[in-house]
file protein_19.txt (compact mmCIF, C-alpha atoms)
# COMPACT_ATOMS: atom_id res chain seq x y z
CA MET A 145 40.43 32.51 130.90
CA LYS A 146 37.02 31.17 131.84
CA LYS A 147 36.46 28.75 134.71
CA PHE A 148 34.36 25.63 134.23
CA LEU A 149 32.86 23.58 137.04
CA ILE A 150 32.45 19.94 136.04
CA ILE A 151 29.51 18.28 137.82
CA SER A 152 28.87 14.54 137.99
CA THR A 153 28.12 11.81 140.50
CA ARG A 154 31.80 10.79 140.62
CA ASP A 155 35.20 12.06 139.47
CA SER A 156 35.87 9.39 136.84
CA PHE A 157 38.82 8.83 134.53
CA LEU A 158 36.88 10.42 131.65
CA ILE A 159 36.13 13.53 133.68
CA LYS A 160 39.78 13.85 134.67
CA GLY A 161 40.67 13.57 130.98
CA LEU A 162 38.17 16.30 130.08
CA SER A 163 39.56 18.54 132.81
CA VAL A 164 43.12 18.06 131.54
CA LYS A 165 42.04 18.78 127.95
CA LEU A 166 40.30 22.02 128.96
CA GLU A 167 43.25 23.18 131.05
CA GLN A 168 45.66 22.46 128.20
CA ASN A 169 43.64 24.98 126.21
CA GLY A 170 43.82 27.70 128.83
CA PHE A 171 40.66 27.08 130.86
CA THR A 172 40.48 26.65 134.62
CA THR A 173 38.45 23.70 135.90
CA ASP A 174 37.04 22.41 139.16
CA PHE A 175 34.94 19.36 140.05
CA VAL A 176 32.00 18.85 142.36
CA SER A 177 29.92 15.75 142.96
CA SER A 178 26.16 16.06 142.52
CA THR A 179 25.90 14.28 145.86
CA ASP A 180 27.98 16.94 147.62
CA GLU A 181 25.98 18.83 150.24
CA TYR A 182 28.58 21.61 150.30
CA ALA A 183 28.70 22.53 146.62
CA ASP A 184 27.75 26.20 146.88
CA ASP A 185 31.32 27.55 147.03
CA HIS A 186 32.16 25.66 143.82
CA LEU A 187 28.96 26.82 142.10
CA GLU A 188 29.55 30.46 142.99
CA ASP A 189 33.18 30.48 141.86
CA ALA A 190 32.69 29.04 138.35
CA GLU A 191 31.50 30.94 135.27
CA TYR A 192 30.09 27.93 133.40
CA TYR A 193 28.84 24.52 134.51
CA ILE A 194 29.50 21.25 132.67
CA TYR A 195 27.08 18.55 133.82
CA TYR A 196 28.49 15.13 132.91
CA MET A 197 25.38 12.98 133.21
CA ASP A 198 25.42 9.25 133.85
CA SER A 199 23.05 6.40 134.69
CA ASP A 200 22.82 7.63 138.31
CA ILE A 201 21.34 11.00 137.30
CA LYS A 202 17.98 10.16 138.91
CA ASP A 203 19.69 10.00 142.31
CA SER A 204 20.60 13.71 142.05
CA VAL A 205 17.14 15.32 142.09
CA GLY A 206 17.95 17.39 145.18
CA PHE A 207 21.09 18.78 143.56
CA LEU A 208 19.24 19.46 140.28
CA ASN A 209 16.60 21.51 142.08
CA HIS A 210 19.35 23.50 143.80
CA LEU A 211 21.28 23.97 140.54
CA ALA A 212 18.10 25.24 138.87
CA ASP A 213 17.71 27.88 141.61
CA VAL A 214 21.36 28.90 141.21
CA VAL A 215 21.21 29.39 137.43
CA LYS A 216 17.91 31.27 137.62
CA LYS A 217 19.45 33.75 140.04
CA SER A 218 22.92 34.00 138.46
CA GLY A 219 22.12 33.59 134.76
CA LYS A 220 25.04 31.19 134.38
CA MET A 221 24.90 28.59 131.63
CA VAL A 222 25.07 24.79 131.77
CA ILE A 223 26.59 22.46 129.17
CA LEU A 224 25.16 18.94 129.23
CA ILE A 225 27.10 15.78 128.34
CA GLY A 226 25.32 12.42 128.29
CA ARG A 227 22.60 10.36 126.63
CA LYS A 228 19.39 11.82 125.18
CA GLU A 229 17.27 10.13 127.85
CA GLU A 230 19.47 11.71 130.55
CA ARG A 231 19.08 15.10 128.89
CA ASP A 232 15.29 14.66 128.81
CA PHE A 233 15.31 13.81 132.52
CA ILE A 234 17.50 16.72 133.60
CA GLN A 235 15.48 19.24 131.63
CA GLU A 236 12.46 18.47 133.79
CA TYR A 237 14.38 20.39 136.46
CA LEU A 238 16.79 22.66 134.62
CA PRO A 239 15.28 25.54 132.58
CA GLU A 240 16.13 25.10 128.93
CA GLU A 241 17.10 28.75 128.48
CA PHE A 242 20.10 28.11 130.70
CA VAL A 243 21.35 25.09 128.72
CA MET A 244 24.15 26.31 126.45
CA GLY A 245 24.53 23.03 124.58
CA PHE A 246 24.18 19.25 124.66
CA TYR A 247 26.88 16.72 123.69
CA GLU A 248 26.22 13.00 123.43
CA ARG A 249 28.49 10.40 124.97
CA PRO A 250 30.99 9.16 123.94
CA LEU A 251 32.32 12.71 123.91
CA ASP A 252 34.65 13.96 121.19
CA MET A 253 36.86 16.08 123.44
CA ASP A 254 38.57 17.94 120.61
CA VAL A 255 35.22 19.08 119.22
CA PHE A 256 34.01 19.98 122.70
CA VAL A 257 37.07 22.10 123.53
CA ARG A 258 36.91 23.82 120.15
CA ASP A 259 33.26 24.73 120.80
CA MET A 260 34.07 26.03 124.29
CA LEU A 261 36.83 28.22 122.89
CA ALA A 262 34.35 29.64 120.38
CA GLU A 263 31.62 30.11 123.02
CA THR A 264 33.87 32.03 125.40
CA SER A 265 35.91 34.02 122.91
CA GLY A 266 34.14 37.25 123.92
CA ASP A 267 34.52 38.89 120.51
CA ARG A 268 31.56 41.10 121.27
CA ASN A 269 30.64 43.05 124.38
CA GLU A 270 27.99 40.86 126.04
CA GLY A 271 26.15 43.89 127.33
CA GLU A 272 25.57 45.13 123.78
CA LYS A 273 23.84 41.99 122.57
CA LYS A 274 20.12 42.09 121.85
CA VAL A 275 17.94 39.51 123.62
CA VAL A 276 15.85 37.21 121.41
CA LEU A 277 13.20 34.91 122.90
CA VAL A 278 12.48 31.84 120.75
CA VAL A 279 9.09 30.22 121.45
CA ASP A 280 8.52 26.85 119.80
CA ASP A 281 7.29 23.45 121.00
CA ASP A 282 9.88 21.60 118.86
CA THR A 283 12.98 21.01 121.01
CA GLU A 284 15.31 20.31 118.09
CA TYR A 285 14.18 23.41 116.22
CA ARG A 286 14.63 25.64 119.29
CA GLN A 287 18.17 24.37 119.76
CA LEU A 288 18.90 24.81 116.04
CA ILE A 289 17.82 28.45 116.08
CA ARG A 290 19.72 29.05 119.32
CA GLY A 291 22.84 27.60 117.75
CA TRP A 292 22.50 29.94 114.79
CA LEU A 293 21.91 33.08 116.87
CA LYS A 294 23.98 32.64 120.03
CA ALA A 295 27.16 34.26 118.68
CA ASP A 296 25.35 37.53 117.95
CA TYR A 297 22.45 37.56 120.43
CA HIS A 298 21.48 36.51 123.92
CA VAL A 299 18.97 33.73 123.20
CA ALA A 300 16.25 32.64 125.63
CA LEU A 301 14.06 29.62 124.91
CA ALA A 302 10.46 28.71 125.76
CA ASN A 303 8.56 25.58 124.72
CA SER A 304 5.08 27.09 125.03
CA GLY A 305 3.20 30.33 125.34
CA VAL A 306 2.74 29.77 129.06
CA GLN A 307 6.49 29.33 129.56
CA ALA A 308 7.15 32.43 127.48
CA ILE A 309 4.73 34.55 129.53
CA THR A 310 6.26 33.20 132.75
CA TRP A 311 9.77 34.06 131.52
CA LEU A 312 8.69 37.55 130.46
CA ALA A 313 7.25 38.21 133.92
CA LYS A 314 10.84 38.26 135.25
CA ASN A 315 12.87 39.13 132.15
CA THR A 316 12.74 41.31 129.08
CA CYS A 317 13.75 40.87 125.45
CA ASP A 318 14.17 42.88 122.27
CA LEU A 319 12.40 40.44 119.94
CA ILE A 320 10.23 37.33 120.11
CA LEU A 321 10.43 34.63 117.43
CA LEU A 322 7.08 32.88 117.88
CA ASP A 323 5.95 29.59 116.37
CA TYR A 324 2.58 30.18 114.72
CA ALA A 325 1.33 26.58 115.09
CA MET A 326 1.63 25.17 118.62
CA PRO A 327 -0.69 22.92 120.64
CA VAL A 328 -2.92 24.28 123.43
CA ALA A 329 -2.17 27.96 122.78
CA ASP A 330 -1.13 28.76 119.21
CA GLY A 331 0.78 31.80 118.05
CA SER A 332 -2.29 33.97 117.54
CA LYS A 333 -3.48 33.43 121.13
CA ILE A 334 -0.01 34.10 122.52
CA LEU A 335 0.27 37.30 120.48
CA GLN A 336 -3.07 38.46 121.88
CA MET A 337 -1.85 37.76 125.41
CA LEU A 338 1.35 39.69 124.79
CA ARG A 339 -0.46 42.67 123.34
CA GLY A 340 -2.97 42.67 126.18
CA ASP A 341 -0.24 43.13 128.79
CA GLU A 342 1.18 46.58 129.47
CA VAL A 343 4.69 45.16 130.01
CA THR A 344 4.88 43.08 126.81
CA LYS A 345 2.58 44.90 124.39
CA ASP A 346 5.41 46.73 122.60
CA ILE A 347 7.82 43.80 122.19
CA PRO A 348 8.22 43.05 118.45
CA VAL A 349 6.98 39.60 117.42
CA ILE A 350 8.05 37.73 114.30
CA PHE A 351 6.05 34.61 113.52
CA LEU A 352 7.73 31.39 112.48
CA THR A 353 5.56 29.22 110.26
CA GLY A 354 6.10 25.92 108.53
CA LYS A 355 3.39 26.57 105.93
CA ASN A 356 3.51 28.95 103.01
CA ASP A 357 0.09 28.31 101.45
CA LYS A 358 -2.00 31.39 100.73
CA ASN A 359 -4.56 30.72 103.46
CA THR A 360 -1.95 30.34 106.23
CA VAL A 361 0.02 33.37 105.06
CA MET A 362 -3.13 35.53 105.03
CA GLN A 363 -4.06 34.35 108.54
CA VAL A 364 -0.61 35.30 109.78
CA ILE A 365 -0.62 38.70 108.07
CA ASP A 366 -4.09 39.52 109.43
CA LEU A 367 -2.70 39.31 112.96
CA LYS A 368 -0.29 42.15 112.10
CA PRO A 369 2.92 40.75 113.59
CA THR A 370 6.16 42.65 113.07
CA ASP A 371 7.00 40.12 110.35
CA TYR A 372 6.81 36.42 109.59
CA LEU A 373 9.44 33.92 108.47
CA LEU A 374 9.17 30.44 107.01
CA LYS A 375 10.81 27.71 109.06
CA THR A 376 12.70 26.64 105.96
CA ILE A 377 14.81 29.79 106.30
CA GLY A 378 18.56 29.15 106.42
CA LYS A 379 21.06 30.46 108.95
CA ALA A 380 22.57 33.20 106.78
CA GLU A 381 19.17 34.53 105.73
CA LEU A 382 17.84 34.51 109.30
CA LEU A 383 20.87 36.38 110.61
CA LYS A 384 20.50 38.97 107.85
CA LYS A 385 16.78 39.37 108.58
CA LEU A 386 17.43 40.01 112.25
CA SER A 387 20.38 42.29 111.56
CA ASP A 388 18.30 44.36 109.13
CA PHE A 389 15.39 44.43 111.60
CA PHE A 390 17.45 45.78 114.50
CA ALA A 391 19.27 48.23 112.22
CA SER A 392 15.95 49.64 110.99
CA ARG A 393 14.74 50.12 114.57
CA GLU A 394 17.88 52.04 115.48
CA GLU A 395 17.43 54.31 112.47
CA ALA A 396 13.76 54.99 113.24
call {"tool": "encode", "arguments": {"input": "protein_19.txt", "output": "structure tokens"}}
result
Amino acid sequence: MKKFLIISTRDSFLIKGLSVKLEQNGFTTDFVSSTDEYADDHLEDAEYYIYYMDSDIKDSVGFLNHLADVVKKSGKMVILIGRKEERDFIQEYLPEEFVMGFYERPLDMDVFVRDMLAETSGDRNEGEKKVVLVVDDDTEYRQLIRGWLKADYHVALANSGVQAITWLAKNTCDLILLDYAMPVADGSKILQMLRGDEVTKDIPVIFLTGKNDKNTVMQVIDLKPTDYLLKTIGKAELLKKLSDFFASREEA
């Protein structure tokens, strides 16, 4: 069964309770303090990280920078537990594509353990999953789409075109879901950048748009993306669209 490393500033009663709950359900757990200068052995040994954030999170900047380097190199995922303001702070250091989920305190441990069992069930060979990059400046929407897709796909996240291009310089994907309307560089500019690069020019791009008026639709179609989807699309329809898309590419 999977091993979780629980990270926090101190090993509190609540963290001990979470550890017991996880181990009762077959997981292995370990704990490391975010103030520990010798945390590397713990970080290397675990398969997932649970970061239990608290009011002292701002005292752990050094550890956060190190954790960010570790996840970038290893590809391991982090689950965040805490307040929204703590999540906002930590994500200044921790790349969002490596955050598997966020749970607000007070934590419902039964729900958390149930989700971890689902996340690590391994029903599908991880190596066979397609990689989908979701590019959108709306944090809540990115997390929503990730939640819908993560059981069937590897999902990477970017909050801007610049972040997407930076990610693609070191990684690859099978499909990009690209928000059409973003500040600074909108979807059309990002698509031009992607098509102008030899490495990314052939990656399929499906636009996500919140508008379905004739003018917006025509502007999107004129750019000749692989397809476009309205942001009002539901989970079942989105999954079917992607399934049909990948199936058609395999048949071609």
call {"tool": "residues_around", "arguments": {"input": "protein_19.txt", "residues": "Val222 of chain A", "least_positions_apart": "6", "cutoff": "12 Å", "atoms": "only C-alpha atoms", "output": "ChimeraX atom specification"}}
result
/A:148-151,187,190-197,208,211-212,214-216,231,234-235,238-247,260
call {"tool": "closest_residue", "arguments": {"input": "protein_19.txt", "among": "A:Arg393, A:Lys385, A:Lys368, A:Lys165", "to": "Arg258 of chain A", "atoms": "only C-alpha atoms"}}
result
A:Lys165
call {"tool": "closest_residue", "arguments": {"input": "protein_19.txt", "among": "A:Asp180, A:Asp198, A:Asp280, A:Asp371", "to": "Gly305 of chain A", "atoms": "all atoms listed in the file"}}
result
A:Asp280
call {"tool": "closest_residue", "arguments": {"input": "protein_19.txt", "among": "A:Ala325, A:Met337, A:Ala295, A:Ile289", "to": "Ile309 of chain A", "atoms": "all atoms listed in the file"}}
result
A:Met337
call {"tool": "closest_residue", "arguments": {"input": "protein_19.txt", "among": "A:Ile201, A:Glu167, A:Leu352, A:Glu188", "to": "Ser152 of chain A", "atoms": "all atoms listed in the file"}}
result
A:Ile201
